[in-house]
>>> print(open('entry14.txt').read())   # compact mmCIF, C-alpha atoms
# COMPACT_ATOMS: atom_id res chain seq x y z
CA MET D 1 121.03 50.95 86.31
CA GLU D 2 123.52 53.82 86.51
CA ALA D 3 124.71 53.14 82.93
CA LEU D 4 121.12 52.90 81.66
CA GLY D 5 120.28 56.27 83.24
CA LEU D 6 123.33 57.85 81.59
CA LEU D 7 122.37 56.30 78.23
CA GLN D 8 118.84 57.73 78.50
CA TRP D 9 120.24 61.10 79.45
CA CYS D 10 122.47 61.02 76.34
CA LEU D 11 119.53 59.98 74.16
CA ASP D 12 117.34 62.80 75.48
CA GLY D 13 120.19 65.29 75.04
CA LEU D 14 120.74 64.19 71.44
CA LEU D 15 116.99 64.41 70.82
CA GLY D 16 116.85 67.96 72.18
CA LEU D 17 119.90 69.10 70.22
CA GLY D 18 118.60 67.37 67.08
CA LEU D 19 115.28 69.21 67.43
CA LEU D 20 117.00 72.58 67.78
CA TRP D 21 119.29 71.88 64.82
CA LEU D 22 116.41 70.69 62.58
CA ALA D 23 114.29 73.70 63.52
CA TRP D 24 117.16 76.05 62.70
CA ARG D 25 117.95 74.29 59.41
CA ALA D 26 114.25 74.29 58.39
CA LEU D 27 114.08 78.04 58.99
CA ALA D 28 117.44 78.99 57.51
CA CYS D 29 117.31 76.73 54.46
CA SER D 30 116.86 78.69 51.25
CA ASP D 31 115.54 75.68 49.29
CA LEU D 32 111.84 75.40 50.21
CA PHE D 33 111.64 71.68 49.39
CA LYS D 34 114.54 70.93 51.75
CA ALA D 35 112.92 73.12 54.40
CA VAL D 36 109.67 71.12 54.17
CA VAL D 37 111.51 67.79 54.43
CA LEU D 38 113.43 69.12 57.44
CA PHE D 39 110.13 70.22 58.98
CA ILE D 40 108.72 66.69 58.57
CA ALA D 41 111.85 65.23 60.18
CA PHE D 42 111.42 67.78 62.98
CA GLY D 43 107.82 66.59 63.52
CA LEU D 44 108.93 62.95 63.75
CA LEU D 45 111.68 63.75 66.27
CA MET D 46 109.16 65.88 68.18
CA ALA D 47 106.85 62.85 68.39
CA LEU D 48 109.79 60.87 69.84
CA ALA D 49 110.36 63.66 72.36
CA TRP D 50 106.71 63.45 73.44
CA VAL D 51 107.12 59.68 73.88
CA ARG D 52 110.16 60.34 76.11
CA LEU D 53 108.04 62.81 78.11
CA GLU D 54 105.49 59.98 78.57
CA ALA D 55 102.77 61.80 76.62
CA PRO D 56 101.79 59.15 74.02
CA ASP D 57 98.54 60.95 73.13
CA ILE D 58 100.42 64.05 71.99
CA ALA D 59 103.08 61.90 70.32
CA LEU D 60 100.40 60.21 68.19
CA ALA D 61 98.84 63.54 67.26
CA GLU D 62 102.23 65.11 66.49
CA ALA D 63 103.34 62.23 64.27
CA ALA D 64 100.02 62.04 62.40
CA ILE D 65 99.10 65.72 62.12
CA GLY D 66 102.33 67.62 62.81
CA ALA D 67 104.64 65.54 60.67
CA GLY D 68 102.38 63.59 58.31
CA LEU D 69 99.44 65.72 57.27
CA THR D 70 101.08 69.13 57.71
CA GLY D 71 104.03 67.80 55.69
CA ALA D 72 101.68 66.65 52.93
CA LEU D 73 99.90 70.03 52.99
CA LEU D 74 103.21 71.91 52.78
CA LEU D 75 104.44 69.73 49.91
CA SER D 76 101.21 70.26 47.97
CA ALA D 77 101.39 73.99 48.66
CA LEU D 78 104.94 73.95 47.32
CA ALA D 79 103.84 72.15 44.14
CA ARG D 80 101.10 74.76 43.63
CA LEU D 81 103.55 77.58 44.28
CA ARG D 82 105.83 76.19 41.57
CA ALA D 83 102.87 75.85 39.17
CA ILE D 84 101.98 79.49 39.82
CA GLN D 85 105.55 80.66 39.30
CA ALA D 86 105.88 78.61 36.11
CA ASN D 87 102.66 80.15 34.78
CA GLY D 88 103.94 83.61 35.65
CA THR D 89 100.52 84.67 36.90
CA ILE D 90 101.75 85.79 40.27
CA VAL D 91 105.03 87.58 40.63
CA ILE D 92 106.31 87.53 44.17
CA PRO D 93 107.78 90.99 44.75
CA ALA D 94 111.42 91.04 45.75
CA GLN D 95 111.54 92.62 49.16
CA GLN D 96 114.14 95.21 49.90
CA ALA D 97 117.09 93.86 51.80
CA ALA D 98 116.83 96.51 54.53
CA LYS D 99 113.18 95.66 55.15
CA VAL D 100 114.01 91.97 55.48
CA GLN D 101 116.83 92.77 57.91
CA LEU D 102 114.54 94.94 60.02
CA SER D 103 111.77 92.34 60.20
CA ARG D 104 114.34 89.68 61.12
CA TRP D 105 115.73 91.78 63.96
CA LEU D 106 112.19 92.55 65.12
CA ALA D 107 111.12 88.89 65.07
CA GLY D 108 114.41 87.90 66.72
CA THR D 109 113.93 90.40 69.55
CA ILE D 110 110.35 89.31 70.18
CA LEU D 111 111.31 85.61 70.16
CA LEU D 112 114.30 86.21 72.42
CA SER D 113 112.21 88.08 74.99
CA ALA D 114 109.58 85.32 74.82
CA ALA D 115 112.32 82.72 75.37
CA ILE D 116 113.71 84.67 78.36
CA GLY D 117 110.20 85.00 79.81
CA LEU D 118 109.54 81.27 79.34
CA GLY D 119 112.91 80.37 80.84
CA TYR D 120 112.17 82.57 83.86
CA ALA D 121 108.71 81.02 84.23
CA ILE D 122 110.15 77.49 84.10
CA THR D 123 112.90 78.20 86.64
CA SER D 124 110.41 79.82 89.02
CA LEU D 125 108.11 76.77 88.92
CA PRO D 126 108.15 74.57 92.02
CA PRO D 127 110.24 71.46 91.22
CA GLU D 128 107.47 69.07 92.26
CA ALA D 129 103.96 70.20 91.36
CA ALA D 130 100.89 68.00 91.49
CA GLY D 131 99.04 70.06 88.89
CA LEU D 132 95.46 69.06 88.27
CA SER D 133 96.14 65.35 87.74
CA ALA D 134 94.89 64.45 91.23
CA GLU D 135 91.56 66.16 90.56
CA VAL D 136 91.27 64.47 87.17
CA THR D 137 91.95 61.07 88.74
CA ALA D 138 89.41 61.76 91.48
CA ASN D 139 86.70 62.61 88.96
CA LEU D 140 87.64 60.01 86.32
CA ALA D 141 84.81 57.68 87.37
CA ALA D 142 82.24 60.37 86.57
CA SER D 143 83.73 61.20 83.16
CA GLY D 144 82.50 58.06 81.37
CA VAL D 145 85.96 57.10 80.04
CA GLY D 146 89.08 55.52 81.52
CA ASN D 147 91.78 57.54 79.75
CA PRO D 148 92.46 60.78 81.69
CA VAL D 149 93.48 62.61 78.49
CA THR D 150 90.17 61.75 76.79
CA ALA D 151 88.33 62.65 80.00
CA VAL D 152 89.88 66.13 79.96
CA LEU D 153 89.50 66.71 76.20
CA LEU D 154 85.94 65.42 75.75
CA ASN D 155 84.38 65.99 79.15
CA PHE D 156 86.07 68.34 81.63
CA ARG D 157 87.26 70.73 78.92
CA ALA D 158 85.02 69.68 76.02
CA TYR D 159 84.56 73.39 75.29
CA ASP D 160 88.18 73.54 74.04
CA THR D 161 87.60 70.63 71.68
CA LEU D 162 84.41 72.26 70.37
CA LEU D 163 86.44 75.37 69.52
CA GLU D 164 89.18 73.25 67.92
CA MET D 165 86.60 71.69 65.62
CA ALA D 166 85.40 75.16 64.69
CA VAL D 167 88.98 76.30 63.98
CA LEU D 168 89.51 73.36 61.61
CA LEU D 169 86.28 74.19 59.77
CA LEU D 170 87.25 77.86 59.54
CA ALA D 171 90.62 76.91 58.07
CA LEU D 172 88.90 74.93 55.33
CA LEU D 173 86.49 77.80 54.62
CA ALA D 174 89.45 80.16 54.29
CA VAL D 175 91.19 77.79 51.86
CA TRP D 176 88.00 77.30 49.83
CA SER D 177 87.55 81.05 49.55
CA LEU D 178 90.95 81.36 47.84
CA ASP D 179 89.71 81.18 44.30
CA GLY D 180 91.62 79.90 41.32
CA LEU D 181 94.28 77.77 42.98
CA PRO D 182 96.08 75.65 40.41
CA THR D 183 95.92 71.92 41.04
CA ALA D 184 99.14 70.01 40.73
CA GLU D 185 98.13 66.85 38.92
CA ALA D 186 100.52 63.95 38.64
CA ALA D 187 100.05 60.64 36.87
CA ALA D 188 99.36 58.12 39.62
CA GLY D 189 100.67 54.91 38.10
CA PRO D 190 99.91 51.33 39.11
CA VAL D 191 102.09 51.19 42.24
CA LEU D 192 100.51 54.19 43.97
CA ASP D 193 97.10 52.94 42.87
CA THR D 194 97.69 49.50 44.41
CA LEU D 195 99.16 51.04 47.57
CA ALA D 196 96.09 53.25 48.00
CA ARG D 197 93.76 50.31 47.41
CA LEU D 198 95.61 48.13 49.93
CA LEU D 199 96.11 50.77 52.60
CA THR D 200 92.73 52.53 52.61
CA PRO D 201 90.83 49.68 54.34
CA VAL D 202 93.72 49.24 56.81
CA LEU D 203 93.72 52.97 57.59
CA ILE D 204 89.95 53.00 58.14
CA LEU D 205 90.35 50.04 60.51
CA VAL D 206 93.20 51.78 62.36
CA ALA D 207 91.09 54.95 62.68
CA ALA D 208 88.19 52.95 64.15
CA TYR D 209 90.60 51.18 66.52
CA LEU D 210 92.16 54.48 67.67
CA LEU D 211 88.70 55.97 68.20
CA TRP D 212 87.51 53.00 70.25
CA VAL D 213 90.71 52.53 72.26
CA GLY D 214 90.77 56.29 73.05
CA ALA D 215 88.29 55.70 75.88
CA ASP D 216 90.87 53.77 77.92
CA ALA D 217 94.28 54.25 76.27
CA PRO D 218 96.12 56.79 74.10
CA GLY D 219 94.02 57.59 71.04
CA GLY D 220 90.84 59.49 70.31
CA ALA D 221 89.03 61.61 67.78
CA PHE D 222 91.94 63.77 66.55
CA GLN D 223 94.33 60.84 66.13
CA ALA D 224 91.67 58.71 64.44
CA GLY D 225 90.55 61.64 62.29
CA SER D 226 94.08 62.33 61.11
CA VAL D 227 94.54 58.67 60.11
CA LEU D 228 91.27 58.93 58.18
CA GLY D 229 92.53 62.16 56.63
CA ALA D 230 95.74 60.38 55.62
CA ALA D 231 93.66 57.73 53.84
CA GLY D 232 91.88 60.56 52.02
CA VAL D 233 95.17 62.19 51.02
CA LEU D 234 96.48 58.85 49.71
CA LEU D 235 93.32 58.34 47.64
CA LEU D 236 93.51 61.89 46.28
CA LEU D 237 97.17 61.36 45.35
CA ALA D 238 96.22 58.16 43.53
CA GLY D 239 93.80 60.21 41.43
CA TRP D 240 90.54 59.36 43.22
CA ARG D 241 87.88 62.07 43.30
CA LEU D 242 84.56 62.28 45.08
CA GLN D 243 81.52 61.49 42.92
CA PRO D 244 79.80 64.71 41.82
CA SER D 245 76.56 63.57 43.48
CA LEU D 246 78.37 63.35 46.84
CA ALA D 247 80.50 66.45 46.42
CA GLN D 248 77.82 69.00 47.24
CA LEU D 249 75.44 68.53 50.20
CA PRO D 250 76.73 65.16 51.54
CA LEU D 251 80.32 66.44 51.68
CA ARG D 252 79.29 69.65 53.42
CA LEU D 253 77.20 67.70 55.92
CA ALA D 254 80.19 65.47 56.70
CA LEU D 255 82.35 68.58 57.18
CA VAL D 256 80.03 70.29 59.68
CA ALA D 257 78.79 67.11 61.41
CA GLY D 258 81.46 67.25 64.13
CA SER D 259 80.92 70.88 65.11
CA GLY D 260 77.16 70.48 64.62
CA THR D 261 76.86 67.48 66.93
CA PHE D 262 79.00 69.31 69.49
CA VAL D 263 76.69 72.33 69.40
CA VAL D 264 73.53 70.19 69.59
CA ILE D 265 74.86 68.23 72.59
CA ALA D 266 76.05 71.47 74.19
CA LEU D 267 72.52 72.92 73.86
CA LEU D 268 70.91 69.72 75.17
CA THR D 269 73.20 69.66 78.23
CA LEU D 270 72.55 73.37 78.75
CA LEU D 271 68.80 72.70 78.80
CA SER D 272 68.91 69.54 80.92
CA THR D 273 71.70 70.23 83.42
CA GLY D 274 71.86 74.01 83.16
CA ARG D 275 75.54 74.01 82.18
CA LEU D 276 77.23 73.92 78.80
CA LEU D 277 78.67 70.49 77.94
CA ALA D 278 78.22 69.22 81.50
CA PHE D 279 77.51 65.55 80.80
CA PRO D 280 75.42 63.57 83.33
CA PRO D 281 77.83 60.80 84.54
CA ALA D 282 75.42 57.99 83.59
CA GLN D 283 75.29 59.02 79.91
CA ALA D 284 78.77 60.56 79.67
CA GLY D 285 80.42 57.50 78.07
CA THR D 286 77.79 57.23 75.34
CA LEU D 287 77.78 60.97 74.65
CA ILE D 288 81.58 61.04 74.37
CA LEU D 289 81.57 58.05 71.99
CA ILE D 290 78.96 59.71 69.75
CA LEU D 291 80.84 63.02 69.80
CA GLU D 292 84.17 61.38 69.03
CA ALA D 293 82.78 59.16 66.27
CA VAL D 294 81.17 62.08 64.43
CA ALA D 295 84.18 64.33 65.11
CA THR D 296 86.53 61.67 63.67
CA VAL D 297 84.63 61.61 60.38
CA SER D 298 84.52 65.41 60.21
CA ILE D 299 88.23 65.79 61.04
CA GLY D 300 89.19 63.18 58.46
CA VAL D 301 87.06 64.71 55.71
CA THR D 302 88.22 68.25 56.58
CA LEU D 303 91.90 67.30 56.46
CA ALA D 304 91.49 65.52 53.12
CA ALA D 305 89.53 68.50 51.77
CA LEU D 306 92.30 70.85 52.96
CA PHE D 307 94.75 68.78 50.92
CA LEU D 308 92.58 69.03 47.81
CA ALA D 309 92.33 72.80 48.49
CA ALA D 310 89.57 73.70 46.00
CA PRO D 311 86.05 72.42 46.68
CA PRO D 312 85.39 69.24 44.64
CA GLY D 313 83.63 69.89 41.36
CA HIS D 314 85.10 73.37 41.29
CA LYS D 315 86.26 74.46 37.86
CA GLU D 316 89.92 75.39 37.91
CA LYS D 317 90.54 78.75 36.33
CA LEU D 318 94.19 78.37 35.46
CA MET B 1 119.81 35.92 81.08
CA THR B 2 118.13 33.01 79.38
CA ALA B 3 118.75 31.62 75.91
CA SER B 4 115.79 33.57 74.46
CA ASP B 5 117.24 36.80 75.88
CA TYR B 6 120.54 36.13 74.11
CA LEU B 7 118.72 35.31 70.87
CA ALA B 8 116.65 38.51 71.12
CA ALA B 9 119.77 40.58 71.83
CA LEU B 10 121.56 38.99 68.87
CA LEU B 11 118.64 39.75 66.54
CA LEU B 12 118.31 43.33 67.79
CA ILE B 13 122.02 44.00 67.38
CA SER B 14 122.06 42.50 63.86
CA GLY B 15 119.06 44.70 63.03
CA ALA B 16 120.98 47.73 64.29
CA VAL B 17 123.94 46.73 62.09
CA PHE B 18 121.65 46.76 59.04
CA PHE B 19 120.34 50.20 60.01
CA LEU B 20 123.89 51.47 60.44
CA ALA B 21 124.88 50.07 57.03
CA GLY B 22 121.76 51.60 55.46
CA THR B 23 122.56 55.00 56.99
CA LEU B 24 126.17 54.80 55.79
CA GLY B 25 124.93 53.93 52.31
CA LEU B 26 122.47 56.83 52.37
CA LEU B 27 125.28 59.21 53.25
CA ARG B 28 128.04 57.79 51.05
CA PHE B 29 126.41 56.37 47.87
CA PRO B 30 126.78 58.48 44.73
CA ASP B 31 123.21 58.97 43.41
CA VAL B 32 119.56 58.79 44.39
CA TYR B 33 119.00 55.27 43.02
CA THR B 34 121.89 53.63 44.90
CA ARG B 35 120.90 55.53 48.05
CA LEU B 36 117.35 54.16 47.79
CA HIS B 37 118.85 50.69 47.46
CA ALA B 38 120.79 51.17 50.71
CA LEU B 39 117.81 52.66 52.51
CA THR B 40 115.38 49.85 51.69
CA LYS B 41 117.82 47.25 53.03
CA ALA B 42 117.74 48.99 56.41
CA ASP B 43 113.95 49.27 56.38
CA ASN B 44 113.20 45.74 55.22
CA VAL B 45 115.84 43.50 56.79
CA GLY B 46 116.92 45.71 59.69
CA LEU B 47 113.40 46.38 60.90
CA GLY B 48 112.50 42.70 60.30
CA LEU B 49 115.33 41.56 62.59
CA VAL B 50 114.36 44.14 65.23
CA VAL B 51 110.71 43.04 65.04
CA ILE B 52 111.61 39.35 65.41
CA GLY B 53 113.92 40.22 68.31
CA LEU B 54 111.14 42.16 70.05
CA ALA B 55 108.53 39.50 69.23
CA ILE B 56 110.58 36.87 71.11
CA GLN B 57 110.23 38.98 74.25
CA ALA B 58 106.66 40.15 73.65
CA GLU B 59 104.21 39.55 76.47
CA SER B 60 101.25 38.43 74.39
CA LEU B 61 100.40 37.07 70.96
CA ALA B 62 98.48 40.27 70.26
CA ALA B 63 101.70 42.26 70.72
CA VAL B 64 103.49 39.90 68.32
CA GLY B 65 100.68 40.43 65.81
CA LYS B 66 100.98 44.22 66.12
CA LEU B 67 104.76 44.07 65.64
CA LEU B 68 104.41 41.92 62.52
CA LEU B 69 101.71 44.25 61.19
CA ILE B 70 104.09 47.22 61.64
CA TRP B 71 106.78 45.37 59.71
CA LEU B 72 104.38 44.45 56.88
CA LEU B 73 103.13 48.05 56.62
CA VAL B 74 106.68 49.42 56.55
CA LEU B 75 107.62 46.86 53.85
CA LEU B 76 104.63 47.91 51.76
CA ALA B 77 105.17 51.64 52.24
CA GLY B 78 108.96 51.45 51.87
CA ALA B 79 108.86 49.47 48.64
CA SER B 80 106.15 51.67 47.10
CA VAL B 81 107.69 54.97 48.16
CA SER B 82 111.18 54.06 46.96
CA TYR B 83 109.65 53.08 43.60
CA LEU B 84 107.84 56.43 43.45
CA VAL B 85 110.98 58.39 44.38
CA ALA B 86 113.03 56.51 41.78
CA ARG B 87 110.37 57.05 39.11
CA GLY B 88 110.16 60.73 40.00
CA ALA B 89 113.93 61.05 39.72
CA LEU B 90 113.95 59.24 36.36
CA HIS B 91 111.16 61.52 35.03
CA LYS B 92 113.14 64.52 36.18
CA GLY B 93 116.03 63.30 34.02
CA ILE B 94 118.47 62.30 36.74
CA ARG B 95 120.93 59.91 35.10
CA LEU B 96 121.94 56.57 36.56
CA TRP B 97 125.35 56.73 38.18
CA LYS B 98 128.15 55.08 36.21
CA ARG B 99 131.70 54.64 37.34
>>> encode(input="entry14.txt", output="structure tokens")
Amino acid sequence: MEALGLLQWCLDGLLGLGLLWLAWRALACSDLFKAVVLFIAFGLLMALAWVRLEAPDIALAEAAIGAGLTGALLLSALARLRAIQANGTIVIPAQQAAKVQLSRWLAGTILLSAAIGLGYAITSLPPEAAGLSAEVTANLAASGVGNPVTAVLLNFRAYDTLLEMAVLLLALLAVWSLDGLPTAEAAAGPVLDTLARLLTPVLILVAAYLLWVGADAPGGAFQAGSVLGAAGVLLLLAGWRLQPSLAQLPLRLALVAGSGTFVVIALLTLLSTGRLLAFPPAQAGTLILILEAVATVSIGVTLAALFLAAPPGHKEKL
Amino acid sequence: MTASDYLAALLLISGAVFFLAGTLGLLRFPDVYTRLHALTKADNVGLGLVVIGLAIQAESLAAVGKLLLIWLLVLLAGASVSYLVARGALHKGIRLWKR
């Protein structure tokens, strides 16, 4: 067992050093494409680190959203940036060297003081702290689900999740308000087409599984939604576009459904129990399932729409 | 250790050897096409051996099914993505390596 412990210690050490090195390379790399690829590798290693910290819920979210979808978004942003530069419509001003130096020193100082503060906070923590896990376990029966992470996210602190849904929607609104983004079209070809056709049903099934299993095991609305979003990104890459009849009201309804249902349920609980998002234990399981199901669809559609950037049916100006 | 343990260990180690060879190829091969060739060997055969090794020790048939599904998905994604990378490289005008 001694050797196994040492091996795990080495593995964790390598993981930590690898994360630091990848983060530094991603920041310092002058080639943006390389930087994005390094960022994706960083996200995957980060997911492994979460697994080693026994936080599979966060590992799933990090791998799907942090590495996968953010990577896809960054790559598509890069393609658009190159299209803009090739068109010569936007000239990125060359910053003065002194200004760059100053901002680097400033950012470095702020980050260093934050790191010192964090380090101090961590060393002053008691080595063994119970945290709130005992309270969560004690109240798990009343939450309507068996997975403590889902219980916290969708019941005890559902307010946070409501705000997260709103943040996602706001991000999409901000992207949609950027007018005249060029779209980087690429010929899909038969292989990508077949891959998208084969994988889309599998991804929908995986999303439904993650949503359902989230009640008792790692999984839930954000993980399921990001898998759904990945299916959307794959379809968009293969050249699929939403039918014009669905692109207006139905799409917008799907986008706001998650936040909307959250607000409606919040109002209902406010009226019936007197407190915002305080679910009665008897109905909590059902309410959480409804919330998560609708949120999954909204998250998936929002992430895919973020990848497409311009609202569907929008006439490109470039 | 029983016979199945030895078999599982043998399969896992052979899988690791394929991954090592694939990584070496990725680092040492001269151009993008030969590197893709090395990489897909690690993904397809290496992961296959690891999956079979883990499946021998799996606790339930459902776990075996999940492992096989992972392998199939990686095969599908790996083959398609390496085709797309190679096609992208060819379109970009990267020549095939010749000695």
>>> atom_distance(input="entry14.txt", atom1="atom CA of Lys41 of chain B", atom2="atom CA of Gly22 of chain B")
6.4 Å
>>> closest_atom_pairs(input="entry14.txt", of="chain D", to="chain B", cutoff="9 Å", atoms="all atoms listed in the file", output="JSON lines")
{"residue": "D:Val191", "atom": "CA", "partner": "B:Ser80", "partner_atom": "CA", "distance": 6.4}
{"residue": "D:Leu192", "atom": "CA", "partner": "B:Ser80", "partner_atom": "CA", "distance": 6.9}
{"residue": "D:Leu195", "atom": "CA", "partner": "B:Ser80", "partner_atom": "CA", "distance": 7.0}
{"residue": "D:Leu199", "atom": "CA", "partner": "B:Leu73", "partner_atom": "CA", "distance": 8.5}
>>> closest_residue(input="entry14.txt", among="D:Phe39, D:Trp105, D:Phe307, D:Trp212", to="Thr286 of chain D", atoms="only C-alpha atoms")
D:Trp212
>>> closest_residue(input="entry14.txt", among="D:Gly108, D:Gly43, D:Gly146, D:Gly117", to="Ala61 of chain D", atoms="all atoms listed in the file")
D:Gly43
>>> atom_distance(input="entry14.txt", atom1="atom CA of Thr34 of chain B", atom2="atom CA of Leu19 of chain D")
28.2 Å
>>> atom_distance(input="entry14.txt", atom1="atom CA of Leu168 of chain D", atom2="atom CA of Leu303 of chain D")
8.3 Å
>>> axis_aligned_box(input="entry14.txt", around="segment 216-224 of chain D", padding_each_side="5 Å", output="lines of an AutoDock Vina configuration file")
center_x = 92.6
center_y = 58.8
center_z = 71.2
size_x = 17.1
size_y = 20.0
size_z = 23.5
>>> closest_residue(input="entry14.txt", among="D:Val206, D:Cys29, D:Ala188, D:Ala49", to="Leu237 of chain D", atoms="all atoms listed in the file")
D:Ala188
>>> residues_around(input="entry14.txt", residues="Leu49 of chain B", least_positions_apart="3", cutoff="9 Å", atoms="only C-alpha atoms", output="list in words")
Leu11, Leu12, Ile13, Ser14, Gly15, Ala16, Phe18, Asn44, Val45, Gly46, Ile52, Gly53 and Leu54 of chain B
>>> decode(input="entry14.txt", residues="segment 34-47 of chain B", atoms="N, CA, C and O atoms", output="PDB file, in the first residue's frame")
ATOM      1  N   THR B  34       1.747  11.133 -40.910  1.00  0.00           N
ATOM      2  CA  THR B  34       2.335   9.985 -40.213  1.00  0.00           C
ATOM      3  C   THR B  34       2.041  10.057 -38.715  1.00  0.00           C
ATOM      4  O   THR B  34       1.848   9.034 -38.066  1.00  0.00           O
ATOM      5  N   ARG B  35       1.965  11.297 -38.181  1.00  0.00           N
ATOM      6  CA  ARG B  35       1.648  11.434 -36.758  1.00  0.00           C
ATOM      7  C   ARG B  35       0.234  10.962 -36.471  1.00  0.00           C
ATOM      8  O   ARG B  35      -0.023  10.300 -35.467  1.00  0.00           O
ATOM      9  N   LEU B  36      -0.705  11.295 -37.381  1.00  0.00           N
ATOM     10  CA  LEU B  36      -2.084  10.832 -37.220  1.00  0.00           C
ATOM     11  C   LEU B  36      -2.132   9.316 -37.217  1.00  0.00           C
ATOM     12  O   LEU B  36      -2.855   8.697 -36.435  1.00  0.00           O
ATOM     13  N   HIS B  37      -1.335   8.713 -38.115  1.00  0.00           N
ATOM     14  CA  HIS B  37      -1.267   7.263 -38.206  1.00  0.00           C
ATOM     15  C   HIS B  37      -0.855   6.680 -36.853  1.00  0.00           C
ATOM     16  O   HIS B  37      -1.485   5.737 -36.350  1.00  0.00           O
ATOM     17  N   ALA B  38       0.176   7.259 -36.238  1.00  0.00           N
ATOM     18  CA  ALA B  38       0.656   6.756 -34.946  1.00  0.00           C
ATOM     19  C   ALA B  38      -0.397   6.939 -33.866  1.00  0.00           C
ATOM     20  O   ALA B  38      -0.633   6.057 -33.033  1.00  0.00           O
ATOM     21  N   LEU B  39      -1.070   8.096 -33.903  1.00  0.00           N
ATOM     22  CA  LEU B  39      -2.034   8.437 -32.868  1.00  0.00           C
ATOM     23  C   LEU B  39      -3.236   7.495 -32.886  1.00  0.00           C
ATOM     24  O   LEU B  39      -3.702   7.039 -31.843  1.00  0.00           O
ATOM     25  N   THR B  40      -3.733   7.176 -34.096  1.00  0.00           N
ATOM     26  CA  THR B  40      -4.932   6.335 -34.165  1.00  0.00           C
ATOM     27  C   THR B  40      -4.641   4.915 -33.709  1.00  0.00           C
ATOM     28  O   THR B  40      -5.534   4.243 -33.206  1.00  0.00           O
ATOM     29  N   LYS B  41      -3.386   4.457 -33.868  1.00  0.00           N
ATOM     30  CA  LYS B  41      -3.060   3.121 -33.351  1.00  0.00           C
ATOM     31  C   LYS B  41      -3.244   3.097 -31.836  1.00  0.00           C
ATOM     32  O   LYS B  41      -3.798   2.157 -31.286  1.00  0.00           O
ATOM     33  N   ALA B  42      -2.764   4.138 -31.163  1.00  0.00           N
ATOM     34  CA  ALA B  42      -2.894   4.191 -29.702  1.00  0.00           C
ATOM     35  C   ALA B  42      -4.365   4.211 -29.305  1.00  0.00           C
ATOM     36  O   ALA B  42      -4.803   3.463 -28.431  1.00  0.00           O
ATOM     37  N   ASP B  43      -5.138   5.062 -29.977  1.00  0.00           N
ATOM     38  CA  ASP B  43      -6.555   5.190 -29.644  1.00  0.00           C
ATOM     39  C   ASP B  43      -7.304   3.888 -29.872  1.00  0.00           C
ATOM     40  O   ASP B  43      -8.051   3.424 -29.026  1.00  0.00           O
ATOM     41  N   ASN B  44      -7.114   3.289 -31.050  1.00  0.00           N
ATOM     42  CA  ASN B  44      -7.938   2.141 -31.425  1.00  0.00           C
ATOM     43  C   ASN B  44      -7.511   0.881 -30.698  1.00  0.00           C
ATOM     44  O   ASN B  44      -8.291   0.277 -29.960  1.00  0.00           O
ATOM     45  N   VAL B  45      -6.259   0.466 -30.882  1.00  0.00           N
ATOM     46  CA  VAL B  45      -5.808  -0.811 -30.320  1.00  0.00           C
ATOM     47  C   VAL B  45      -5.504  -0.665 -28.833  1.00  0.00           C
ATOM     48  O   VAL B  45      -5.941  -1.486 -28.025  1.00  0.00           O
ATOM     49  N   GLY B  46      -4.776   0.403 -28.470  1.00  0.00           N
ATOM     50  CA  GLY B  46      -4.396   0.586 -27.072  1.00  0.00           C
ATOM     51  C   GLY B  46      -5.608   0.674 -26.170  1.00  0.00           C
ATOM     52  O   GLY B  46      -5.719  -0.057 -25.182  1.00  0.00           O
ATOM     53  N   LEU B  47      -6.557   1.539 -26.544  1.00  0.00           N
ATOM     54  CA  LEU B  47      -7.754   1.682 -25.725  1.00  0.00           C
ATOM     55  C   LEU B  47      -8.564   0.387 -25.734  1.00  0.00           C
ATOM     56  O   LEU B  47      -9.133  -0.001 -24.714  1.00  0.00           O
TER      57      LEU B  47
END
